[in-house]
Each structure stands twice: as C-alpha cells, then as structure tokens.
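Undergrad: Quick one: this structure, given as structure tokens, is what I'll be asking you about.
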Amino acid sequence: MDLGLNVWAAFELSTLPQQVINGLLLGAIYALIALGYTMVYGVLRLINFAHGEVFMLGAYTALFASWFLGYGKGSTLETSGPANLMILLIASMCVCGIVGVAIERFAYRPMRSQPRIAALITAIGVSLLIQYGGALVLPIAPPPSINEKVNPYRGVVTMNLVGGDPQLLEGYEKAKIEFETAEKEWQAARDAKAPDEAIRTLRDKKNDADRTMGDLQRRMDNSGVKIRIPQGQLIMFGTTIVLMIMLTYLVMFTAVGRAMRAVSHDFDSASLMGINVGKIVTITFLIGSMLASAGAMMNATFLGTPLTTFFGVMPGVKAFVAAVLGGIGNIPGAVLGGFLMGIAETAVIWAGYGQYKDAIAFIILIVVLLFRPGGLLGSAKVEKV
Amino acid sequence: MNVKLRSAAFSAVACFVLGGLLAGCGSGGGSSTGDTGGTSGTSSTSGGSLQPGDQTPDPNKIKIGLVASINGDLKPWGMDSQNGALLAVDEINKAGGIGGKEVQLLIEDSNSTPEQGKTAAERLISKGCVAVVGEVASGITAQIALAAQEKKIPVVAVGATKTELPGIGEHVFRVCYTDDLQGPVMATFAYEELGLRNVAIVTDNKQPYSTYLSKTFRDSFEKQGGKIVDEQFYESKQTQFGPLLTNLKAKNPDGLFLSGYFTEVGPIVRQAAEAGLNAKFLGGDGWDSAEILTSGGDAILGGFFCNHYNNQEDRPEVKTFLEKWQAAFGGVPGTTMGALGYDAVGVALDALKRASDVNSAESVLAAISETEGFAGVSGVITLKGSGGNPDKRALVVKLAKEGQVYEKAYEVSEVKR
C-alpha cells in the first residue's frame with residue numbers, strides 16, 4: 001500500500017460507471033435501514049439501537065419461511081419462482097413489524113416518562129438481549145442458506161454503453177483459438193497419462209495463452225464501457241425504490257402521515273391536539289421495522305452471507321451513520337445519507353484505498369457535522385431548557 | 001415505587017415475549033423440515049451419546065481443562081474441538097486412566113470472545129487443572145496463555161495458527177501449523193501445481209489472521225517469481241463486495257487468494273462469479289467449514305485451501321479416528337477442529353503418562369515440552385526443541401459438491417518460504 005505520489009495511478013476510468021452502479025446498490029440498503037432509525041428518532045427523539053437486531057430477525061424469518069416452503073435441509077425442490085420470494089418478503093415484514101412493535105410496547109413505552117438516557121440504555125439492552133439471547137435459540141449459519149435454492153435470479157444483466165475496439169476484438173478471437181488448442185493439447189496429454197514434466201509444460205503453455213487472452217479481453221473491455229448488474233441486486237434496488245416511494249406517499253399524503261409529521265414536530269402539542277400519540281408511535285415502529293426486514297430478506301436472499309445473530313450489527317451501524325449524515329429525524333435525509341455513504345465508500349475503494357474506506361466515510365461524517373451539526377438536511381435545533 | 005415495579009414487570013414480560021418469539025421461530029422451522037435440531041449443521045453432534053461428564057472438580061481424579069467456543073460465531077469449530085477432547089479423555093479412561101487414576105475433563109465456554117476465554121481459563125486453573133487445552137482461534141488462545149502465565153500452567157492450543165503467541169515455547173504449545181507455513185504452502189501450490197502467475201489478494205482488514213496470512217502468501221509467491229497484481233480489502237460482516245470486485249476484474253488475475261474466514265469468503269466468491277471474474281480461488285484454513293459450500297454456491301467449487309487434516313486421507317490413524325468418532329457421535333467431524341481437539345488433548349494425556357508427578361503443573365509442563373513423535377490424527381507432533389511449534393505437514397484440499405476432497409500433502413521441507 002503506497003500513499004506515495006502516484007495517487008492517480010489506481011484510477012481506472014473504464015470501471016467508473018460500474019462503480020457508480022455499485023455505490024448506488026450499496027447505498028440503497030443503507031438508506032432502507034437508515035429510514036427506520038430516522039423515523040423513530042423523528043417521533044420519539046430515541047435512537048433505537050435494537051433496529052439492527054430487527055434486521056437480523058428479518059433475515060432469520062425469511063430463512064425459516066423458506067424452510068416452511070420446503071427448501072429446508074435435504075430438500076429435493078430444485079426450482080423456485082418469484083412467488084416464493086414474495087412469501088418470504090411478506091413473512092419477514094409481518095414478523096418483524098410485530099417484533100418492532102413489541103419492543104416499543106414492552107421496552108420503550110414504560111421508559112417514556114423517564115429521562116431520555118434511560119430509554120437509550122434500554123435500547124442498548126434490548127439490542128444485546130436479542131443478539132446474545134437469540135444465539136441461544138437460533139441456529140448459527142444453518143445449512144441451506146436461502147440464497148442456495150430459493151433465489152431464482154442468478155443471472156447477470158449486462159449493458160454495453162460503449163462498444164469495444166474492433167481491432168482488439170480481432171486479436172482476442174485469435175488468442176481465444178490459440179488458448180483452445182493449447183487447452184486441448186493439455187487435456188489430451190493428461191488423458192494419455194503423459195509424463196508429469198510434459199503435462200506441466202503444456203499446462204503452462206495453456207495458462208500463458210489464457211493470460212494473453214484475458215489480457216486482450218480486459219483491454220477490449222476497458223476500451224468500451226460495460227456495466228454488469230447481478231439480477232438479484234437489481235431486484236433489490238428496484239424493491240427498495242418502490243418501498244421508498246410507498247413510504248413517501250404514506251408520510252406526505254395520508255392522515256396517518258400527517259399525524260406522524262405532527263408528532264415529530266412537537267410531541268406534546270400533537271397529543272394536546274387530539275392525535276393518538278401512542279398509536280402513531282406504534283405505527284412508526286411497525287413501518288420502520290418492516291422496511292428493515294425487507295432489506296434483510298433481500299440481503300440474505302441475494303448476497304449469500306451466512307446468518308448469525310450478529311448479522312444486523314454492521315448494517316445497523318452503517319445505516320445509523322447514514323441517518324446522522326443526512327440529518328437524523330429527516331426522512332429524505334436518511335435516503336440521501338444512505339446513498340452518499342454507499343457512493344463515498346465505493347469511490348474510496350475505486351481510488352485504491354479500500355483499506356481506509358471506513359476511516360474516510362467517518363471523516364466525511366465529521367466534516368459534514370462540523371459545518372452542519374444537524375446533518376445535511378436536518379436542522380440544528382437549540383434544546384429548550 | 002409502584003410505577004417502577006410495573007415497568008420492571010413490563011421489561012420482564014418483554015424478555016419472555018421476545019424469547020418466546022425467537023423460540024417459536026426455531027421450533028417452527030425445525031418441525032417443518034424434521035431434522036434441523038436447532039444446532040449448527042456444520043458440526044455433526046446431533047444424536048451423539050458422548051456428553052461432557054460431571055463438572056464438579058473431583059480430588060481423586062487428574063483434571064484437564066478445556067476452553068471451547070461452545071457459543072458464538074465459532075460454535076461449529078468449538079463444538080468439534082469439544083467432541084474431539086471428549087473422545088480422547090473417554091478413550092484413556094476406558095483404558096484404565098493414567099497410573100490407575102481417572103482423568104476428568106473440565107469444560108468452560110469462551111463464547112468465541114478473548115475476554116471470556118481468559119475468564120474461562122482462570123476458572124479452570126482455580127479448579128486445579130494441571131493443563132489447559134484450547135482454543136481454536138489465536139486471539140482467544142493469547143488470552144488463555146496470559147491467564148496461565150503466572151502459575152506456568154501448560155497450555156496446548158488447538159487451532160491457533162498465528163505465529164506470534166505470548167509464552168509460545170515456554171508454557172504454550174500447539175498441535176497445528178502456523179501461518180508462516182500455510183501462506184507459503186498455498187503460494188507453492190498455486191505456482192507449481194496450478195501454474196498461476198498473476199494472483200490478486202483479498203484481505204479481511206479487521207482480522208490480524210487474514211492480514212498476516214496475506215503477507216506470507218505474497219512474500220512466498222513473489223519470491224517464486226509470481227506477480228501479485230492487486231490487493232483489495234474488506235471487513236468481517238461486510239455483505240456487499242461489488243466495488244472491490246470491479247477493481248479486481250480490471251486487473252485480470254488468474255487466481256484470487258482470499259485469506260479471510262469462510263463467513264465472508266463464500267459470499268465474495270459468489271459475487272465474484274456474478275461480477276464476471278474468471279479466476280481460481282485459494283485460501284487458508286479459515287475456509288474450513290461446510291457452510292462455505294452453501295454461501296459460496298457453485299462458484300466456490302474447485303477452490304483450494306490449506307488445512308490441517310482431511311477425513312479422506314488414507315492413513316490408519318485417520319481411519320481409526322473416524323471409526324471412534326462415528327461410534328461416539330455419529331457421522332464424521334464437520335471441521336478439522338475435531339481432529340485437532342483430539343490431538344491437543346492427546347498430547348496433554350501423553351505428557352501425563354510420562355510426568356513424574358501428575359498433580360504438579362510443573363512436571364506436566366516439562367513432560368509436554370519433551371513430546372517427541374506423538375502420532376496424532378493430524379500428523380506426527382514433536383514439541384521437543386521446537387519452540388512450541390511442531391513442524392507439521394499441511395494439506396491442500398479442494399472443495400467439491402460432496403465436501404472437502406484431499407488434493408496434496410506438503411511436508412515442511414517441500415514448501416518454498
């Protein structure tokens with residue numbers, strides 16, 4: 001790792017469009033989870049540290065639902081369809097909605113009349129309770145991951161923005177033929193049980209041809225601009241956007257949404273104006289948890305990370321930072337913060353400083369908070385004494 | 001007062017409700033498939049008959065302590081190491097114990113964390129254990145070593161491969177190879193057997209294990225004449241790897257060396273295939289889990305990694321070990337830690353047989369450091385004059401649909417460091 005003078009050497013312009021897409025895909029999930037943090041903070045001024053754990057339970061629910069559908073251990077089902085994914089999504093949204101509401105009802109509501117710090121500590125307690133308590137009853141990295149069989153979307157969507165250099169294509173075709181003959185020779189030698197030395201020479205020849213071919217292919221790819229998006233991640237992105245639009249509609253154009261905004265604006269006045277504050281808080285937790293679990297279900301299905309009860313920790317922290325960056329309590333801010341985090345992280349990796357990606361993400365956060373203490377879209381309010 | 005009581009009651013109810021929900025999920029899933037048992041599928045402990053014995057220290061028995069990750073992230077490895085240890089102790093007791101005295105195995109859970117590992121070791125020492133066996137990970141082992149330092153209680157590490165360990169060679173010993181070996185083993189294999197020349201490295205920035213393994217691989221591979229075309233970093237628990245894979249693809253490597261743990265390697269390899277990366281995948285013993293096959297999908301098949309032991313190896317020790325395991329627990333060990341746990345306890349028991357006083361940690365320590373040519377399941381272990389690190393062979397295994405397939409064994413002298 002050199003922090004020397006060739007700062008620009010690592011920039012590979014041809015991968016830039018692909019990296020922008022990567023950043024958006026990453027940011028969409030951050031944004032989806034950040035929404036839950038920001039909504040709860042908006043109405044209660046409480047940082048719901050258990051939100052990451054709701055995310056984790058969402059992934060587990062999706063897994064159990066997939067077992068229920070018959071994709072468990074030793075399943076003989078080979079194919080799946082979008083209907084199954086819908087069932088998983090709805091199951092985990094329902095269960096997590098209930099879990100989120102239960103956490104609010106039994107852990108946070110009794111603390112509401114207490115100082116805010118008590119509720120905050122409770123939130124940390126609930127988070128640890130679910131992480132470690134869950135580890136006692138939930139299977140760790142259970143064998144058939146959802147990704148394995150239920151996910152029917154394994155393909156890749158490829159888009160050619162700019163075509164490759166035709167001359168390179170010609171060279172590539174030639175190299176490909178050379179490689180294929182070399183591979184056949186090597187195969188034939190292996191089948192004929194030729195002496196080890198001879199096989200090794202042929203194999204090296206094949207590998208050399210492979211390298212030449214790969215190199216030409218890379219140069220061809222780099223002369224054009226190509227974007228590859230795995231189908232699963234494309235669906236993930238699309239679903240996230242749809243959910244965000246639905247949320248916007250709910251908050252901006254319905255009676256419940258208006259009440260939510262009122263509670264967020266001034267909790268006590270809203271309750272004096274006849275708004276059922278308890279109900280609004282419950283709905284807020286319901287929606288926030290459902291969004292997180294949708295993210296969790298898609299994460300578990302399309303990315304293939306093994307489940308543990310600590311599955312929600314990392315996304316939870318990142319999303320929390322995104323929410324603060326955008327201005328905690330502000331819904332568009334959470335989305336903006338999420339996308340910014342995703343793109344900033346990707347940009348750092350693209351520039352060749354992947355080792356420092358979190359450090360740089362946090363420097364961005366600190367700089368933003370120095371100039372805008374309330375976050376990008378939030379407003380810094382002076383606490384009334 | 002009343003209000004406070006009420007809120008306390010609410011919190012208690014919340015615990016129950018949440019606990020109930022979680023348990024409900026677990027059993028619901030279990031009943032629909034019939035055979036999930038609520039435990040990890042990577043270790044084959046279900047239906048086992050050999051269980052940990054009475055945990056109250058018995059003054060008439062020789063006490064050996066085991067620190068195992070019975071809960072937490074390392075559970076699949078921890079359970080296997082515990083089973084291996086149980087098997088070794090059960091065997092010696094059935095054969096009449098040591099000098100007519102029975103051996104008692106006291107087990108404490110480290111919960112996969114170094115802090116709790118230290119407490120666990122302290123508890124075992126205060127119960128009068130003359131030797132402590134454990135752990136499967138280097139970070140936890142280092143804490144156990146510190147806990148045992150003052151009283152110079154001998155520690156036999158199961159799977160701690162980190163080269164630097166506190167007290168290694170003094171009162172800490174291991175039955176596994178070190179990262180100094182497995183990086184070069186994979187580099188030699190990649191260069192000579194696979195004929196790879198341009199390799200990229202992917203490192204888990206949060207794990208010292210991974211950063212060090214990447215370094216030893218890089219040094220050896222470059223020394224042999226290969227080229228490291230790129231190194232990319234991620235962190236444990238990351239789920240999306242698109243950005244770093246796009247960078248790697250632009251460098252067109254023939255091989256990828258992924259030095260992290262299976263929890264992230266599986267998803268990386270899967271996403272690498274989706275990103276259009278066409279390369280051979282290689283790694284260290286952090287890959288050793290059945291889970292990597294499900295999280296990696298078809299993309300991981302044909303990948304190679306370095307391991308301590310393989311169920312398929314054609315050696316008499318392995319065959320008898322597998323028969324004993326089958327009889328005691330059913331099935332085969334899911335990870336290599338079953339064999340290493342068995343060997344670690346084996347080394348301690350072997351030392352007890354030779355020790356002048358089985359109740360003195362000092363003489364047991366002296367006996368362990370004199371171990372010579374112990375025929376372990378994972379290979380011959382000699383600790384005499386080795387600084388605590390046995391010169392053990394390493395295996396390269398290939399991932400196939402049916403599991404880990406034995407590919408090649410490297411003796412220490414064959415590895416180009």
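Ordering of the structure tokens sets the chain letters (A, B, ...); residue numbers start at 1 within each chain; ligands are numbered from 1 in the order shown.
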Quick one: contact table of chain A to chain B, 7 Å max, nearest atom pair and distance in Å to one decimal per residue, counting only C-alpha atoms, chain and number order, as JSON lines?
TA:
```
{"residue": "A:Thr15", "atom": "CA", "partner": "B:Thr246", "partner_atom": "CA", "distance": 6.9}
{"residue": "A:Gln19", "atom": "CA", "partner": "B:Pro243", "partner_atom": "CA", "distance": 5.9}
{"residue": "A:Asn22", "atom": "CA", "partner": "B:Gly242", "partner_atom": "CA", "distance": 5.8}
{"residue": "A:Leu26", "atom": "CA", "partner": "B:Gln240", "partner_atom": "CA", "distance": 6.9}
{"residue": "A:Phe64", "atom": "CA", "partner": "B:Gly29", "partner_atom": "CA", "distance": 5.0}
{"residue": "A:Trp67", "atom": "CA", "partner": "B:Gly29", "partner_atom": "CA", "distance": 6.1}
{"residue": "A:Phe68", "atom": "CA", "partner": "B:Ser32", "partner_atom": "CA", "distance": 5.5}
{"residue": "A:Gly72", "atom": "CA", "partner": "B:Thr33", "partner_atom": "CA", "distance": 5.7}
{"residue": "A:Lys73", "atom": "CA", "partner": "B:Thr33", "partner_atom": "CA", "distance": 6.6}
{"residue": "A:Phe106", "atom": "CA", "partner": "B:Ala14", "partner_atom": "CA", "distance": 5.0}
{"residue": "A:Ala107", "atom": "CA", "partner": "B:Ser11", "partner_atom": "CA", "distance": 5.6}
{"residue": "A:Pro110", "atom": "CA", "partner": "B:Ser7", "partner_atom": "CA", "distance": 5.3}
{"residue": "A:Gly134", "atom": "CA", "partner": "B:Leu22", "partner_atom": "CA", "distance": 6.6}
{"residue": "A:Ala135", "atom": "CA", "partner": "B:Gly72", "partner_atom": "CA", "distance": 6.9}
{"residue": "A:Val137", "atom": "CA", "partner": "B:Ala23", "partner_atom": "CA", "distance": 5.9}
{"residue": "A:Leu138", "atom": "CA", "partner": "B:Gly26", "partner_atom": "CA", "distance": 5.9}
{"residue": "A:Pro139", "atom": "CA", "partner": "B:Thr39", "partner_atom": "CA", "distance": 5.2}
{"residue": "A:Ile140", "atom": "CA", "partner": "B:Ser40", "partner_atom": "CA", "distance": 5.5}
{"residue": "A:Ala141", "atom": "CA", "partner": "B:Ser40", "partner_atom": "CA", "distance": 6.5}
{"residue": "A:Pro142", "atom": "CA", "partner": "B:Ser40", "partner_atom": "CA", "distance": 5.5}
{"residue": "A:Pro143", "atom": "CA", "partner": "B:Gly41", "partner_atom": "CA", "distance": 5.5}
{"residue": "A:Pro144", "atom": "CA", "partner": "B:Thr294", "partner_atom": "CA", "distance": 6.3}
{"residue": "A:Ser145", "atom": "CA", "partner": "B:Thr294", "partner_atom": "CA", "distance": 6.2}
{"residue": "A:Glu148", "atom": "CA", "partner": "B:Thr294", "partner_atom": "CA", "distance": 6.2}
{"residue": "A:Val156", "atom": "CA", "partner": "B:Glu274", "partner_atom": "CA", "distance": 6.4}
{"residue": "A:Asp204", "atom": "CA", "partner": "B:Gly195", "partner_atom": "CA", "distance": 5.9}
{"residue": "A:Asn207", "atom": "CA", "partner": "B:Gly195", "partner_atom": "CA", "distance": 6.9}
{"residue": "A:Gly214", "atom": "CA", "partner": "B:Asn252", "partner_atom": "CA", "distance": 6.6}
{"residue": "A:Asp215", "atom": "CA", "partner": "B:Asn252", "partner_atom": "CA", "distance": 6.7}
{"residue": "A:Arg218", "atom": "CA", "partner": "B:Ala250", "partner_atom": "CA", "distance": 6.6}
{"residue": "A:Arg228", "atom": "CA", "partner": "B:Ala275", "partner_atom": "CA", "distance": 6.6}
{"residue": "A:Pro230", "atom": "CA", "partner": "B:Glu274", "partner_atom": "CA", "distance": 6.0}
{"residue": "A:Leu303", "atom": "CA", "partner": "B:Pro267", "partner_atom": "CA", "distance": 6.3}
{"residue": "A:Gly304", "atom": "CA", "partner": "B:Ser295", "partner_atom": "CA", "distance": 5.1}
{"residue": "A:Thr305", "atom": "CA", "partner": "B:Pro267", "partner_atom": "CA", "distance": 5.6}
{"residue": "A:Pro306", "atom": "CA", "partner": "B:Thr263", "partner_atom": "CA", "distance": 6.1}
{"residue": "A:Met314", "atom": "CA", "partner": "B:Lys237", "partner_atom": "CA", "distance": 6.3}
{"residue": "A:Thr346", "atom": "CA", "partner": "B:Pro243", "partner_atom": "CA", "distance": 5.6}
{"residue": "A:Ile349", "atom": "CA", "partner": "B:Leu244", "partner_atom": "CA", "distance": 6.3}
{"residue": "A:Trp350", "atom": "CA", "partner": "B:Asn247", "partner_atom": "CA", "distance": 6.5}
{"residue": "A:Gly354", "atom": "CA", "partner": "B:Phe233", "partner_atom": "CA", "distance": 5.5}
{"residue": "A:Gln355", "atom": "CA", "partner": "B:Phe233", "partner_atom": "CA", "distance": 5.4}
```
Undergrad: Contacts of Ile125 in chain B at 12 Å or less, counting only C-alpha atoms, minus same-chain residues fewer than 6 places along, as a ChimeraX atom specification?
TA: /B:57,63-67,106-108,118-119,131-133,144-145,147-155,361
Undergrad: Hey, what does DSSP flag as strand (DSSP E or B) within range 48-266 of chain A? Can you give it to me as a VMD selection string?
TA: chain A and resid 156 to 162 225 to 230
Undergrad: Which neighbours of Asn48 in chain A fall inside 7 Å, counting only C-alpha atoms, when residues of the same chain fewer than 4 positions from it are skipped, and could you give them as a list of chain:residue names?
TA: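 Returned residues: A:Tyr37, A:Val40, A:Ala123.
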Undergrad: Write out as a PyMOL selection string the residues lying within 7 Å of range 75-85 of chain A, counting only C-alpha atoms and excluding same-chain residues fewer than 4 positions away.
TA: chain A and resi 70-71+89+149-152
Undergrad: Quick one: write out the picked residues with N, CA and C atoms as a PDB file, in the first residue's frame?
TA:
```pdb
ATOM      1  N   GLY A  70     -40.484 -25.650   2.121  1.00  0.00           N
ATOM      2  CA  GLY A  70     -39.927 -26.914   1.664  1.00  0.00           C
ATOM      3  C   GLY A  70     -38.515 -26.818   1.128  1.00  0.00           C
ATOM      4  N   TYR A  71     -37.832 -25.687   1.397  1.00  0.00           N
ATOM      5  CA  TYR A  71     -36.461 -25.573   0.916  1.00  0.00           C
ATOM      6  C   TYR A  71     -35.462 -25.831   2.043  1.00  0.00           C
ATOM      7  N   LEU A  89     -40.732 -12.380   1.641  1.00  0.00           N
ATOM      8  CA  LEU A  89     -40.704 -10.945   1.928  1.00  0.00           C
ATOM      9  C   LEU A  89     -41.845 -10.572   2.867  1.00  0.00           C
ATOM     10  N   LYS A 149     -31.146 -22.115  -2.839  1.00  0.00           N
ATOM     11  CA  LYS A 149     -32.152 -22.747  -3.701  1.00  0.00           C
ATOM     12  C   LYS A 149     -33.354 -21.869  -4.016  1.00  0.00           C
ATOM     13  N   VAL A 150     -33.709 -21.012  -3.096  1.00  0.00           N
ATOM     14  CA  VAL A 150     -34.954 -20.275  -3.292  1.00  0.00           C
ATOM     15  C   VAL A 150     -34.799 -19.178  -4.335  1.00  0.00           C
ATOM     16  N   ASN A 151     -33.603 -18.615  -4.372  1.00  0.00           N
ATOM     17  CA  ASN A 151     -33.393 -17.478  -5.255  1.00  0.00           C
ATOM     18  C   ASN A 151     -33.358 -17.901  -6.724  1.00  0.00           C
ATOM     19  N   PRO A 152     -34.362 -17.543  -7.507  1.00  0.00           N
ATOM     20  CA  PRO A 152     -34.343 -17.946  -8.915  1.00  0.00           C
ATOM     21  C   PRO A 152     -33.532 -16.977  -9.780  1.00  0.00           C
TER      22      PRO A 152
END
```
Undergrad: Rank nothing, just name the residue among B:Ala120, B:Val89, B:Leu277, B:Val103 nearest to Lys61 in chain B, using only C-alpha atoms.
TA: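 So, comparing all the options, the nearest one is B:Val103.
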Undergrad: Excluding Thr216 in chain B and its own-chain neighbours fewer than 5 positions away, which residues fall within 8 Å of it when counting only C-alpha atoms? Please give them as a list in words.
TA: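 The residues that qualify are Asp179, Asp180, Gly183 and Pro184 of chain B.
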Undergrad: Report, in Å to a single decimal, how far apart CA of Pro332 in chain A and CA of Gly97 in chain A are.
TA: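 Those two atoms sit 21.7 Å apart.
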Undergrad: One decimal, Å: what's the distance from CA of Leu105 in chain B over to CA of Gln55 in chain B, could you say?
TA: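 Straight-line distance from CA of Leu105 in chain B to CA of Gln55 in chain B works out to 7.8 Å.
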Undergrad: Would you work out the distance separating CA of Phe304 in chain B from CA of Val397 in chain B, expressed in Å to one decimal?
TA: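 Between CA of Phe304 in chain B and CA of Val397 in chain B the gap works out to 5.6 Å.
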Undergrad: Between A:Leu370, A:Leu272, A:Leu24, A:Leu88, which residue has the minimum interatomic distance to Leu340 in chain A, considering only C-alpha atoms?
TA: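 Looking only at the distances to Leu340 in chain A, the closest residue turns out to be A:Leu24.
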Undergrad: Calculated over only C-alpha atoms, which of the candidates B:Thr178, B:Gln104, B:Ser363, B:Thr141 has the smallest distance to Ser69 in chain B?
TA: B:Thr141
Undergrad: Set the distance at 6 Å and use only C-alpha atoms: which residues neighbour Tyr30 in chain A once local chain neighbours fewer than 4 positions away are removed? I'd like the list as a PyMOL selection string.
TA: chain A and resi 34+319+338
Undergrad: Kindly export the residues of the current selection with N, CA, C and O atoms, as a JSON list (two decimals), in the first residue's frame.
TA:
```
[["chain", "number", "residue", "atom", "x", "y", "z"],
["A", 34, "ALA", "N", -31.60, 2.96, 7.30],
["A", 34, "ALA", "CA", -31.49, 4.28, 7.94],
["A", 34, "ALA", "C", -32.87, 4.89, 8.17],
["A", 34, "ALA", "O", -33.08, 5.62, 9.13],
["A", 319, "ALA", "N", -25.96, 2.14, 8.74],
["A", 319, "ALA", "CA", -27.21, 2.86, 8.47],
["A", 319, "ALA", "C", -27.41, 3.98, 9.49],
["A", 319, "ALA", "O", -27.91, 5.06, 9.15],
["A", 338, "GLY", "N", -27.86, 7.61, 3.09],
["A", 338, "GLY", "CA", -27.57, 6.23, 2.69],
["A", 338, "GLY", "C", -26.85, 6.17, 1.36],
["A", 338, "GLY", "O", -25.81, 5.52, 1.23]]
```
Undergrad: Which of these, A:Ile364, A:Gly23, A:Arg190, A:Phe179, has the shortest distance to Lys205 in chain A once you count only C-alpha atoms?
TA: A:Phe179
Undergrad: Name all residues at most 8 Å from Thr240 in chain A (count only C-alpha atoms; drop same-chain ones fewer than 6 positions away) and give them as a compact mmCIF listing (two decimals) with N, CA, C and O atoms, in the first residue's frame.
TA:
```txt
# COMPACT_ATOMS: atom_id res chain seq x y z
N ALA A 28 -28.49 1.89 -1.41
CA ALA A 28 -29.93 1.66 -1.30
C ALA A 28 -30.26 0.91 -0.02
O ALA A 28 -31.23 1.23 0.67
N ILE A 29 -29.44 -0.10 0.30
CA ILE A 29 -29.71 -0.88 1.52
C ILE A 29 -29.44 -0.04 2.76
O ILE A 29 -30.21 -0.05 3.72
N LEU A 32 -32.39 2.15 3.24
CA LEU A 32 -33.59 1.46 3.69
C LEU A 32 -33.56 1.24 5.21
O LEU A 32 -34.57 1.39 5.89
N GLY A 295 -35.22 -5.19 3.73
CA GLY A 295 -33.80 -5.12 3.38
C GLY A 295 -33.08 -6.40 3.79
O GLY A 295 -32.27 -6.93 3.04
```
